[in-house]
$ cat upload01.txt   # compact mmCIF, C-alpha atoms
# COMPACT_ATOMS: atom_id res chain seq x y z
CA MET A 10 82.04 -78.44 22.52
CA THR A 11 79.06 -79.95 24.33
CA THR A 12 77.14 -78.41 27.21
CA ARG A 13 78.78 -80.89 29.61
CA GLU A 14 82.24 -79.66 28.61
CA LEU A 15 81.48 -76.07 29.55
CA SER A 16 82.92 -74.81 32.84
CA ARG A 17 79.61 -73.09 33.60
CA PRO A 18 76.19 -72.62 31.99
CA LEU A 19 75.95 -70.09 29.18
CA THR A 20 74.28 -66.75 29.92
CA PRO A 21 72.82 -64.00 27.70
CA ALA A 22 75.85 -61.85 28.59
CA ASP A 23 78.28 -64.33 27.02
CA ALA A 24 79.91 -63.62 23.67
CA ALA A 25 77.92 -64.64 20.61
CA TYR A 26 80.58 -63.77 18.05
CA VAL A 27 83.62 -61.64 17.31
CA ILE A 28 83.50 -59.57 14.13
CA TYR A 29 86.27 -57.35 12.81
CA THR A 30 85.86 -53.76 11.78
CA SER A 31 88.62 -51.59 10.37
CA GLY A 32 87.04 -48.32 11.43
CA THR A 33 88.91 -45.20 10.34
CA THR A 34 92.42 -46.30 11.28
CA GLY A 35 92.64 -49.20 8.86
CA ARG A 36 93.80 -51.54 11.65
CA PRO A 37 91.18 -54.25 12.20
CA LYS A 38 89.51 -54.36 15.61
CA GLY A 39 87.80 -57.50 16.89
CA VAL A 40 84.46 -56.56 18.47
CA THR A 41 82.95 -59.01 20.98
CA VAL A 42 79.15 -58.98 20.72
CA ARG A 43 76.88 -60.58 23.34
CA HIS A 44 73.98 -62.97 22.81
CA GLU A 45 71.56 -60.60 24.55
CA GLY A 46 72.49 -57.74 22.21
CA VAL A 47 71.92 -59.77 19.07
CA VAL A 48 68.67 -61.26 20.37
CA ASN A 49 67.37 -57.77 21.21
CA ARG A 50 68.22 -56.56 17.71
CA LEU A 51 66.48 -59.54 16.08
CA THR A 52 63.42 -59.32 18.35
CA TRP A 53 63.03 -55.61 17.63
CA MET A 54 63.16 -56.18 13.89
CA ARG A 55 60.74 -59.10 14.05
CA ASP A 56 58.19 -57.17 16.09
CA ASP A 57 58.47 -53.65 14.63
CA TYR A 58 58.50 -54.77 11.01
CA GLN A 59 56.18 -57.76 11.48
CA ILE A 60 58.48 -60.37 9.94
CA THR A 61 56.53 -63.63 9.81
CA THR A 62 56.69 -67.22 8.60
CA SER A 63 55.50 -66.08 5.17
CA ASP A 64 58.57 -63.88 4.60
CA ARG A 65 61.60 -64.78 2.49
CA VAL A 66 64.77 -62.98 3.66
CA LEU A 67 67.57 -62.42 1.15
CA GLN A 68 70.98 -63.28 2.65
CA LYS A 69 73.52 -61.56 0.39
CA THR A 70 75.84 -59.64 2.74
CA PRO A 71 79.37 -61.08 3.24
CA MET A 72 79.80 -62.54 6.72
CA SER A 73 82.63 -60.07 7.43
CA PHE A 74 80.02 -57.27 7.53
CA ASP A 75 77.70 -57.29 10.54
CA VAL A 76 74.51 -56.76 8.51
CA SER A 77 74.94 -60.44 7.66
CA VAL A 78 74.10 -61.27 11.31
CA TRP A 79 70.42 -60.38 11.00
CA GLU A 80 70.25 -61.75 7.47
CA PHE A 81 71.50 -65.10 8.82
CA PHE A 82 69.46 -65.31 12.01
CA LEU A 83 66.23 -63.36 11.46
CA ALA A 84 64.67 -66.31 9.69
CA PHE A 85 65.47 -68.60 12.62
CA THR A 86 63.75 -66.26 15.10
CA THR A 87 60.61 -65.81 13.00
CA GLY A 88 60.14 -69.01 11.05
CA ALA A 89 60.73 -67.15 7.79
CA SER A 90 62.67 -68.63 4.87
CA MET A 91 66.25 -67.58 4.06
CA VAL A 92 67.31 -67.18 0.44
CA VAL A 93 71.11 -67.41 0.18
CA ALA A 94 72.63 -65.46 -2.71
CA LYS A 95 75.68 -66.70 -4.59
CA ASP A 96 79.11 -65.53 -3.51
CA GLY A 97 79.60 -61.96 -4.73
CA GLY A 98 75.98 -61.71 -5.79
CA HIS A 99 75.46 -58.55 -3.74
CA LYS A 100 77.48 -56.66 -6.37
CA ASP A 101 75.55 -57.96 -9.39
CA PRO A 102 72.32 -55.96 -9.95
CA GLU A 103 71.04 -58.22 -12.73
CA TYR A 104 71.55 -61.33 -10.61
CA LEU A 105 69.86 -59.71 -7.61
CA ALA A 106 66.80 -58.67 -9.59
CA ASP A 107 66.49 -62.15 -11.09
CA THR A 108 66.94 -63.82 -7.69
CA ILE A 109 64.37 -61.58 -6.04
CA ALA A 110 61.90 -62.51 -8.76
CA SER A 111 62.60 -66.24 -8.95
CA GLN A 112 62.77 -66.75 -5.17
CA GLN A 113 59.95 -64.31 -4.36
CA VAL A 114 62.10 -62.43 -1.83
CA THR A 115 60.11 -60.23 0.57
CA VAL A 116 62.87 -58.73 2.77
CA ALA A 117 66.16 -57.30 1.49
CA HIS A 118 68.98 -54.95 2.49
CA PHE A 119 71.20 -52.57 0.53
CA VAL A 120 74.19 -50.47 1.50
CA PRO A 121 73.47 -47.05 -0.14
CA SER A 122 76.48 -47.31 -2.50
CA MET A 123 75.23 -50.67 -3.78
CA LEU A 124 71.66 -49.38 -3.87
CA GLN A 125 72.80 -46.62 -6.25
CA ALA A 126 74.45 -49.22 -8.49
CA PHE A 127 71.28 -51.34 -8.40
CA LEU A 128 69.10 -48.36 -9.34
CA ALA A 129 71.51 -47.33 -12.13
CA TYR A 130 70.97 -50.79 -13.64
CA GLU A 131 67.28 -49.84 -13.99
CA PRO A 132 65.82 -53.17 -12.89
CA ASP A 133 62.48 -54.34 -14.20
CA GLN A 134 60.03 -53.30 -11.49
CA GLU A 135 57.89 -56.33 -12.22
CA LYS A 136 60.73 -58.47 -10.84
CA LEU A 137 60.54 -56.65 -7.50
CA VAL A 138 56.84 -56.86 -6.73
CA SER A 139 57.32 -59.56 -4.08
CA VAL A 140 59.46 -57.28 -1.88
CA ARG A 141 57.57 -55.74 1.04
CA ARG A 142 60.45 -54.48 3.24
CA VAL A 143 63.78 -52.96 2.12
CA PHE A 144 66.36 -51.82 4.65
CA PHE A 145 69.33 -49.52 4.13
CA SER A 146 72.34 -49.05 6.40
CA GLY A 147 76.13 -48.81 6.45
CA GLU A 148 76.36 -45.30 4.99
CA ALA A 149 74.37 -42.08 4.86
CA LEU A 150 71.34 -42.55 2.57
CA PRO A 151 71.03 -39.64 0.08
CA ALA A 152 67.48 -38.31 -0.15
CA ALA A 153 67.45 -38.44 -3.96
CA THR A 154 68.52 -42.10 -3.89
CA ALA A 155 65.82 -42.92 -1.34
CA VAL A 156 63.13 -41.25 -3.47
CA GLU A 157 64.23 -43.22 -6.53
CA ALA A 158 64.30 -46.44 -4.51
CA ASP A 159 60.73 -45.75 -3.38
CA ARG A 160 59.69 -45.52 -7.01
CA VAL A 161 61.50 -48.72 -8.04
CA PHE A 162 60.37 -50.79 -5.03
CA ALA A 163 56.80 -49.62 -5.56
CA HIS A 164 55.20 -52.35 -3.40
CA ALA A 165 57.62 -52.14 -0.45
CA GLU A 166 58.13 -50.10 2.68
CA LEU A 167 61.63 -48.64 2.91
CA HIS A 168 63.54 -48.09 6.15
CA ASN A 169 66.83 -46.35 6.88
CA LEU A 170 68.79 -47.93 9.76
CA TYR A 171 71.89 -46.84 11.63
CA GLY A 172 74.30 -48.63 13.92
CA PRO A 173 77.94 -49.51 14.44
CA THR A 174 79.36 -53.00 14.88
CA GLU A 175 79.98 -52.07 18.53
CA ALA A 176 76.22 -51.96 19.18
CA SER A 177 74.89 -55.19 17.65
CA VAL A 178 74.34 -53.99 14.08
CA ASP A 179 71.56 -51.36 14.27
CA VAL A 180 70.34 -49.03 17.01
CA THR A 181 68.06 -46.54 15.23
CA GLY A 182 65.57 -46.63 12.38
CA HIS A 183 63.44 -44.31 10.27
CA PRO A 184 60.91 -44.98 7.50
CA VAL A 185 61.57 -43.48 4.07
CA VAL A 186 58.75 -41.02 3.33
CA PRO A 187 59.40 -39.21 0.02
CA ASP A 188 57.17 -36.25 0.91
CA GLU A 189 59.44 -35.54 3.90
CA LEU A 190 62.55 -35.42 1.71
CA VAL A 191 61.67 -32.55 -0.65
CA ASP A 192 64.30 -30.19 0.78
CA ALA A 193 66.50 -32.80 2.44
CA THR A 194 69.93 -34.08 1.38
CA VAL A 195 69.96 -37.28 3.46
CA VAL A 196 67.33 -39.45 5.12
CA PRO A 197 67.20 -39.18 8.95
CA VAL A 198 68.39 -42.21 10.91
CA GLY A 199 65.43 -41.89 13.24
CA VAL A 200 64.88 -42.97 16.81
CA PRO A 201 66.38 -45.72 19.01
CA VAL A 202 65.29 -49.34 18.85
CA ALA A 203 63.92 -51.16 21.90
CA ASN A 204 66.09 -51.25 25.03
CA THR A 205 68.72 -48.90 23.64
CA VAL A 206 69.80 -45.40 24.57
CA VAL A 207 71.04 -42.65 22.25
CA ARG A 208 72.57 -39.40 23.48
CA VAL A 209 73.84 -36.40 21.52
CA LEU A 210 76.57 -34.82 23.65
CA ASP A 211 79.18 -32.07 23.40
CA SER A 212 82.87 -32.49 24.21
CA TRP A 213 82.07 -32.12 27.96
CA LEU A 214 79.48 -34.94 27.74
CA ARG A 215 76.60 -32.49 28.10
CA PRO A 216 73.38 -32.94 26.07
CA VAL A 217 73.04 -30.48 23.19
CA PRO A 218 69.77 -28.76 22.19
CA THR A 219 67.66 -29.64 19.15
CA GLY A 220 69.36 -28.54 15.95
CA VAL A 221 72.84 -28.39 17.48
CA VAL A 222 75.50 -30.79 16.23
CA GLY A 223 77.05 -33.14 18.75
CA GLU A 224 78.68 -36.55 18.95
CA LEU A 225 76.45 -39.61 19.18
CA TYR A 226 76.81 -41.88 22.22
CA LEU A 227 74.98 -45.21 22.53
CA GLY A 228 73.89 -47.26 25.51
CA GLY A 229 71.66 -50.15 26.44
CA ILE A 230 71.54 -53.89 26.03
CA GLN A 231 73.09 -53.97 22.54
CA LEU A 232 76.51 -52.60 23.52
CA ALA A 233 79.42 -54.90 22.76
CA ASP A 234 81.87 -56.01 25.46
CA GLY A 235 84.70 -54.15 23.74
CA TYR A 236 87.69 -54.87 21.53
CA VAL A 237 89.52 -58.18 21.78
CA GLY A 238 92.98 -57.71 23.29
CA ARG A 239 92.79 -53.91 23.10
CA HIS A 240 91.92 -52.78 26.59
CA GLY A 241 93.14 -49.22 26.10
CA LEU A 242 90.96 -48.66 23.05
CA THR A 243 88.01 -50.28 24.83
CA ALA A 244 88.40 -47.86 27.76
CA GLU A 245 88.64 -44.94 25.34
CA ARG A 246 85.51 -45.77 23.33
CA PHE A 247 83.31 -47.46 25.99
CA ILE A 248 82.96 -44.95 28.82
CA ALA A 249 80.99 -44.76 32.06
CA ASP A 250 77.56 -43.23 31.62
CA PRO A 251 77.79 -39.87 33.47
CA ASP A 252 74.03 -39.84 34.12
CA THR A 253 73.89 -43.16 35.97
CA HIS A 254 75.61 -44.77 38.96
CA ASP A 255 74.90 -48.44 38.22
CA GLY A 256 77.92 -49.19 36.06
CA SER A 257 76.14 -48.51 32.77
CA ARG A 258 78.33 -47.66 29.82
CA LEU A 259 78.07 -45.52 26.70
CA TYR A 260 79.81 -46.14 23.40
CA ARG A 261 81.40 -43.11 21.79
CA THR A 262 80.63 -43.54 18.08
CA GLY A 263 82.66 -40.71 16.60
CA ASP A 264 79.60 -39.85 14.48
CA LEU A 265 78.27 -36.29 14.28
CA VAL A 266 74.48 -36.00 14.50
CA LYS A 267 71.72 -33.64 15.55
CA TRP A 268 68.11 -33.90 16.65
CA ASN A 269 65.78 -32.30 14.10
CA ASN A 270 62.53 -30.51 14.88
CA THR A 271 60.49 -33.71 14.56
CA GLY A 272 62.58 -35.59 17.13
CA GLN A 273 64.55 -37.64 14.59
CA LEU A 274 68.31 -38.07 14.50
CA GLU A 275 70.10 -36.76 11.42
CA TYR A 276 73.50 -38.20 10.57
CA LEU A 277 76.00 -35.54 9.47
CA GLY A 278 79.25 -37.46 9.09
CA ARG A 279 82.28 -38.64 11.02
CA ALA A 280 84.07 -36.46 13.56
CA ASP A 281 87.34 -37.80 12.19
CA ASP A 282 86.34 -36.85 8.63
CA GLN A 283 87.26 -33.29 9.54
CA VAL A 284 90.24 -32.04 7.55
CA LYS A 285 92.31 -28.88 7.68
CA ILE A 286 92.73 -26.93 4.45
CA ARG A 287 94.77 -23.70 4.59
CA GLY A 288 94.18 -23.54 8.32
CA TYR A 289 90.40 -24.01 8.11
CA ARG A 290 88.78 -27.04 9.71
CA ILE A 291 86.33 -28.55 7.23
CA GLU A 292 83.64 -31.25 7.27
CA VAL A 293 83.88 -32.98 3.88
CA ASP A 294 80.39 -34.47 4.27
CA GLU A 295 78.97 -30.95 4.36
CA ILE A 296 80.52 -30.30 0.95
CA ARG A 297 79.25 -33.64 -0.35
CA SER A 298 75.70 -32.75 0.69
CA VAL A 299 75.84 -29.46 -1.21
CA ILE A 300 77.11 -31.14 -4.40
CA GLU A 301 74.38 -33.78 -4.19
CA ASP A 302 71.81 -30.97 -4.13
CA HIS A 303 72.61 -30.26 -7.80
CA GLU A 304 69.93 -31.64 -10.09
CA ASP A 305 72.42 -33.44 -12.35
CA VAL A 306 74.26 -35.24 -9.52
CA SER A 307 73.09 -38.61 -8.27
CA SER A 308 75.82 -39.12 -5.66
CA ALA A 309 79.09 -37.55 -4.57
CA ALA A 310 82.14 -37.99 -2.37
CA VAL A 311 84.76 -35.47 -1.27
CA ILE A 312 88.29 -36.23 -0.10
CA ALA A 313 91.30 -34.24 1.07
CA ALA A 314 94.13 -35.19 -1.28
CA ASP A 315 97.84 -34.52 -0.86
CA HIS A 316 99.09 -31.68 -3.06
CA PRO A 317 102.40 -32.31 -4.89
CA ALA A 318 103.68 -28.95 -3.65
CA GLY A 319 102.72 -29.75 -0.06
CA GLY A 320 99.56 -29.42 1.98
CA LYS A 321 96.15 -30.72 1.00
CA TYR A 322 93.37 -29.79 -1.39
CA LEU A 323 89.75 -30.88 -1.84
CA ALA A 324 88.73 -33.23 -4.64
CA ALA A 325 85.09 -33.93 -5.40
CA TYR A 326 83.89 -37.07 -7.21
CA TYR A 327 80.37 -37.42 -8.56
CA THR A 328 78.06 -39.56 -10.65
CA THR A 329 75.33 -38.06 -12.78
CA THR A 330 71.60 -38.57 -13.07
CA ASP A 331 70.06 -40.14 -16.18
CA HIS A 332 69.17 -36.80 -17.77
CA ALA A 333 72.61 -35.24 -17.26
CA ASP A 334 74.81 -34.87 -20.34
CA SER A 335 77.67 -37.38 -20.21
CA ASP A 336 80.69 -37.85 -22.40
CA GLY A 337 81.03 -41.46 -21.24
CA GLN A 338 84.69 -41.06 -20.34
CA GLY A 339 84.09 -41.67 -16.65
CA THR A 340 86.93 -39.53 -15.28
CA SER A 341 86.66 -36.26 -17.17
CA VAL A 342 87.72 -33.15 -15.28
CA SER A 343 87.16 -30.38 -17.83
CA THR A 344 83.49 -30.75 -18.75
CA GLY A 345 80.83 -28.08 -18.62
CA LEU A 346 79.20 -29.86 -15.71
CA ASP A 347 82.41 -29.63 -13.68
CA GLU A 348 82.37 -25.86 -14.05
CA ALA A 349 78.65 -25.73 -13.31
CA LEU A 350 79.24 -27.67 -10.10
CA ARG A 351 82.10 -25.38 -9.14
CA SER A 352 79.82 -22.35 -9.50
CA PHE A 353 77.00 -24.17 -7.71
CA ALA A 354 79.28 -24.95 -4.76
CA ALA A 355 80.78 -21.45 -4.73
CA ASP A 356 77.31 -19.94 -4.37
CA ARG A 357 76.62 -22.05 -1.29
CA LEU A 358 79.95 -22.57 0.45
CA PRO A 359 82.82 -20.41 1.68
CA GLU A 360 85.67 -20.12 -0.82
CA TYR A 361 87.95 -22.42 1.17
CA MET A 362 85.33 -25.23 1.06
CA VAL A 363 84.95 -25.25 -2.74
CA PRO A 364 86.79 -28.30 -4.16
CA THR A 365 89.81 -27.64 -6.34
CA VAL A 366 88.84 -30.37 -8.81
CA PHE A 367 85.59 -32.06 -9.78
CA ILE A 368 85.83 -35.56 -11.23
CA ARG A 369 82.95 -37.33 -12.90
CA ILE A 370 83.03 -41.12 -12.61
CA ASP A 371 80.71 -43.79 -13.96
CA SER A 372 80.25 -45.46 -10.57
CA PHE A 373 81.81 -45.40 -7.14
CA PRO A 374 84.24 -48.18 -6.20
CA THR A 375 83.10 -50.26 -3.26
CA THR A 376 84.66 -52.50 -0.65
CA PRO A 377 83.70 -56.20 -0.40
CA ASN A 378 81.00 -55.07 2.06
CA GLY A 379 79.49 -52.72 -0.51
CA LYS A 380 80.62 -49.48 1.12
CA LEU A 381 82.41 -46.66 -0.67
CA ASP A 382 86.10 -47.47 -1.13
CA ARG A 383 87.79 -44.07 -0.97
CA ARG A 384 91.23 -45.55 -1.54
CA ALA A 385 90.14 -46.90 -4.94
CA LEU A 386 88.95 -43.53 -6.28
CA PRO A 387 90.95 -42.40 -9.32
CA ALA A 388 93.81 -40.01 -8.57
CA PRO A 389 92.93 -36.36 -9.32
CA ASP A 390 94.72 -34.75 -12.25
CA LEU A 391 95.88 -31.28 -11.31
$ encode --input "upload01.txt" --output "structure tokens"
Amino acid sequence: MTTRELSRPLTPADAAYVIYTSGTTGRPKGVTVRHEGVVNRLTWMRDDYQITTSDRVLQKTPMSFDVSVWEFFLAFTTGASMVVAKDGGHKDPEYLADTIASQQVTVAHFVPSMLQAFLAYEPDQEKLVSVRRVFFSGEALPAATAVEADRVFAHAELHNLYGPTEASVDVTGHPVVPDELVDATVVPVGVPVANTVVRVLDSWLRPVPTGVVGELYLGGIQLADGYVGRHGLTAERFIADPDTHDGSRLYRTGDLVKWNNTGQLEYLGRADDQVKIRGYRIEVDEIRSVIEDHEDVSSAAVIAADHPAGGKYLAAYYTTTDHADSDGQGTSVSTGLDEALRSFAADRLPEYMVPTVFIRIDSFPTTPNGKLDRRALPAPDL
């Protein structure tokens, strides 16, 4: 369509693209994102991270995942070069390391699950010396993984980003500083990007104090229009901002966060990840964080599985660090480490939050976007 064929001139508030996200329900939702939101996101990244004409941006994220938006367009807003990876290359650590080296990539992104797989491959650090900025988003970034990434990408600055599809990719950011992560389980998601608003509110839409868990609400120029053809869901998730009278909206993320003592947001998990076990309401991410504190665990995931006799029980999956003893079987349930983890969790959690089974796996299954695929985890053996 040419400009002459348009019924009116285009404006920054017009739709730039529609991208689908399954969210937690499994039913895809088409999110309409505006030009002005995407431009703000790209401008912020260009200016805050000083992306220039000398940079080479690795485009490896599938276009169905919104991280691909800045990988596609950042180069066009800065004059940088774009290095396009082969189809499926984002899941091949050896290919990625070789491509980074041969194409002298300076800017790259990893979803934490894929970052863990890349680090487990133990890439030659000499192949990564060209990289000067690495960004992480899409999942919570475990502190231990971030510290290892800082060692491997020795010449790069690392940054943890956060944002839903409904807010033009990313709305907060925080640099990875290993010295700050000594007693941490995850890396903070930081502070808002330019022209965005973040609020941590309780169920009555009141701000919560520092250190208190609340739900994250987002506002500002990066908010999407809503969901295509789903007006009820749009009204439910995009609400009127109670603190303004100019028609401003907030997006209810469903993410649980808190402000820490340094003024940074910490991501704690999904509100809808709460499960009920024997009448107790439980946050599975809280259990995951405890398991990942164990020195032999590199990453973990906890699910509520259906019990054959009825009800639900907790199953914990984990991968081990290099120095941990491994039998190489990948799905063993009755190892010494399983029992050690059970005792470790029991010392730190109430009895009802200790998983019934612990399952060691070689690596976590991922979706095409590189996120953890919970549905593909092996079935627990009771």
$ closest_atom_pairs --input "upload01.txt" --of "stretch 233-352 of chain A" --to "stretch 132-156 of chain A" --cutoff "12 Å" --atoms "all atoms listed in the file" --output "JSON lines"
{"residue": "A:Asp264", "atom": "CA", "partner": "A:Ala149", "partner_atom": "CA", "distance": 11.2}
{"residue": "A:Leu265", "atom": "CA", "partner": "A:Ala149", "partner_atom": "CA", "distance": 11.7}
{"residue": "A:Val266", "atom": "CA", "partner": "A:Ala149", "partner_atom": "CA", "distance": 11.4}
{"residue": "A:Glu275", "atom": "CA", "partner": "A:Ala149", "partner_atom": "CA", "distance": 9.5}
{"residue": "A:Tyr276", "atom": "CA", "partner": "A:Ala149", "partner_atom": "CA", "distance": 7.0}
{"residue": "A:Leu277", "atom": "CA", "partner": "A:Ala149", "partner_atom": "CA", "distance": 8.2}
{"residue": "A:Gly278", "atom": "CA", "partner": "A:Ala149", "partner_atom": "CA", "distance": 7.9}
{"residue": "A:Arg279", "atom": "CA", "partner": "A:Ala149", "partner_atom": "CA", "distance": 10.6}
{"residue": "A:Asp294", "atom": "CA", "partner": "A:Ala149", "partner_atom": "CA", "distance": 9.7}
{"residue": "A:Arg297", "atom": "CA", "partner": "A:Pro151", "partner_atom": "CA", "distance": 10.2}
{"residue": "A:Ser298", "atom": "CA", "partner": "A:Pro151", "partner_atom": "CA", "distance": 8.3}
{"residue": "A:Val299", "atom": "CA", "partner": "A:Pro151", "partner_atom": "CA", "distance": 11.3}
{"residue": "A:Ile300", "atom": "CA", "partner": "A:Pro151", "partner_atom": "CA", "distance": 11.4}
{"residue": "A:Glu301", "atom": "CA", "partner": "A:Pro151", "partner_atom": "CA", "distance": 8.0}
{"residue": "A:Asp302", "atom": "CA", "partner": "A:Ala153", "partner_atom": "CA", "distance": 8.7}
{"residue": "A:His303", "atom": "CA", "partner": "A:Ala153", "partner_atom": "CA", "distance": 10.4}
{"residue": "A:Glu304", "atom": "CA", "partner": "A:Ala153", "partner_atom": "CA", "distance": 9.5}
{"residue": "A:Asp305", "atom": "CA", "partner": "A:Ala153", "partner_atom": "CA", "distance": 11.0}
{"residue": "A:Val306", "atom": "CA", "partner": "A:Ala153", "partner_atom": "CA", "distance": 9.4}
{"residue": "A:Ser307", "atom": "CA", "partner": "A:Ala153", "partner_atom": "CA", "distance": 7.1}
{"residue": "A:Ser308", "atom": "CA", "partner": "A:Pro151", "partner_atom": "CA", "distance": 7.5}
{"residue": "A:Ala309", "atom": "CA", "partner": "A:Pro151", "partner_atom": "CA", "distance": 9.5}
{"residue": "A:Ala310", "atom": "CA", "partner": "A:Ala149", "partner_atom": "CA", "distance": 11.4}
{"residue": "A:Thr328", "atom": "CA", "partner": "A:Thr154", "partner_atom": "CA", "distance": 12.0}
{"residue": "A:Thr329", "atom": "CA", "partner": "A:Ala153", "partner_atom": "CA", "distance": 11.8}
{"residue": "A:Thr330", "atom": "CA", "partner": "A:Ala153", "partner_atom": "CA", "distance": 10.0}
$ atom_distance --input "upload01.txt" --atom1 "atom CA of A:Gly263" --atom2 "atom CA of A:Asn49"
23.4 Å
$ atom_distance --input "upload01.txt" --atom1 "atom CA of A:Thr253" --atom2 "atom CA of A:Glu224"
18.9 Å
$ atom_distance --input "upload01.txt" --atom1 "atom CA of A:Gln125" --atom2 "atom CA of A:Asp179"
21.1 Å
$ residues_around --input "upload01.txt" --residues "A:Leu210" --least-positions-apart "5" --cutoff "7 Å" --atoms "all atoms listed in the file" --output "JSON, numbers by chain"
{"A": [215, 216, 217, 223, 224, 225]}
$ write_last_selection --input "upload01.txt" --atoms "C-alpha atoms" --output "JSON list (two decimals), keeping the file's coordinate frame"
[["chain", "number", "residue", "atom", "x", "y", "z"],
["A", 215, "ARG", "CA", 76.60, -32.49, 28.10],
["A", 216, "PRO", "CA", 73.38, -32.94, 26.07],
["A", 217, "VAL", "CA", 73.04, -30.48, 23.19],
["A", 223, "GLY", "CA", 77.05, -33.14, 18.75],
["A", 224, "GLU", "CA", 78.68, -36.55, 18.95],
["A", 225, "LEU", "CA", 76.45, -39.61, 19.18]]
$ axis_aligned_box --input "upload01.txt" --around "stretch 38-44 of chain A" --padding-each-side "8 Å" --output "JSON"
{"center_x": 81.7, "center_y": -58.7, "center_z": 19.5, "size_x": 31.5, "size_y": 24.6, "size_z": 23.7}
$ closest_residue --input "upload01.txt" --among "A:Ala354, A:Ile109, A:Val207, A:Ala280" --to "A:Asp250" --atoms "all atoms listed in the file"
A:Val207
$ residues_around --input "upload01.txt" --residues "A:Asp101" --least-positions-apart "4" --cutoff "12 Å" --atoms "all atoms listed in the file" --output "JSON, numbers by chain"
{"A": [69, 94, 95, 96, 97, 105, 106, 107, 108, 123, 124, 126, 127, 128, 129, 130, 132, 379]}
$ write_last_selection --input "upload01.txt" --atoms "C-alpha atoms" --output "PDB file, keeping the file's coordinate frame"
ATOM      1  CA  LYS A  69      73.520 -61.560   0.390  1.00  0.00           C
ATOM      2  CA  ALA A  94      72.630 -65.460  -2.710  1.00  0.00           C
ATOM      3  CA  LYS A  95      75.680 -66.700  -4.590  1.00  0.00           C
ATOM      4  CA  ASP A  96      79.110 -65.530  -3.510  1.00  0.00           C
ATOM      5  CA  GLY A  97      79.600 -61.960  -4.730  1.00  0.00           C
ATOM      6  CA  LEU A 105      69.860 -59.710  -7.610  1.00  0.00           C
ATOM      7  CA  ALA A 106      66.800 -58.670  -9.590  1.00  0.00           C
ATOM      8  CA  ASP A 107      66.490 -62.150 -11.090  1.00  0.00           C
ATOM      9  CA  THR A 108      66.940 -63.820  -7.690  1.00  0.00           C
ATOM     10  CA  MET A 123      75.230 -50.670  -3.780  1.00  0.00           C
ATOM     11  CA  LEU A 124      71.660 -49.380  -3.870  1.00  0.00           C
ATOM     12  CA  ALA A 126      74.450 -49.220  -8.490  1.00  0.00           C
ATOM     13  CA  PHE A 127      71.280 -51.340  -8.400  1.00  0.00           C
ATOM     14  CA  LEU A 128      69.100 -48.360  -9.340  1.00  0.00           C
ATOM     15  CA  ALA A 129      71.510 -47.330 -12.130  1.00  0.00           C
ATOM     16  CA  TYR A 130      70.970 -50.790 -13.640  1.00  0.00           C
ATOM     17  CA  PRO A 132      65.820 -53.170 -12.890  1.00  0.00           C
ATOM     18  CA  GLY A 379      79.490 -52.720  -0.510  1.00  0.00           C
TER      19      GLY A 379
END
$ residues_around --input "upload01.txt" --residues "stretch 53-60 of chain A" --least-positions-apart "3" --cutoff "9 Å" --atoms "all atoms listed in the file" --output "number ranges by chain"
A: 48-50, 63-64, 79, 83-84, 86-89, 116, 142, 202-203
$ residues_around --input "upload01.txt" --residues "A:Tyr361" --least-positions-apart "2" --cutoff "12 Å" --atoms "only C-alpha atoms" --output "ChimeraX atom specification"
/A:284-293,296,321-323,354-355,357-359,363-365
$ closest_residue --input "upload01.txt" --among "A:Arg384, A:Arg261, A:His44, A:Arg351" --to "A:Gly172" --atoms "only C-alpha atoms"
A:Arg261
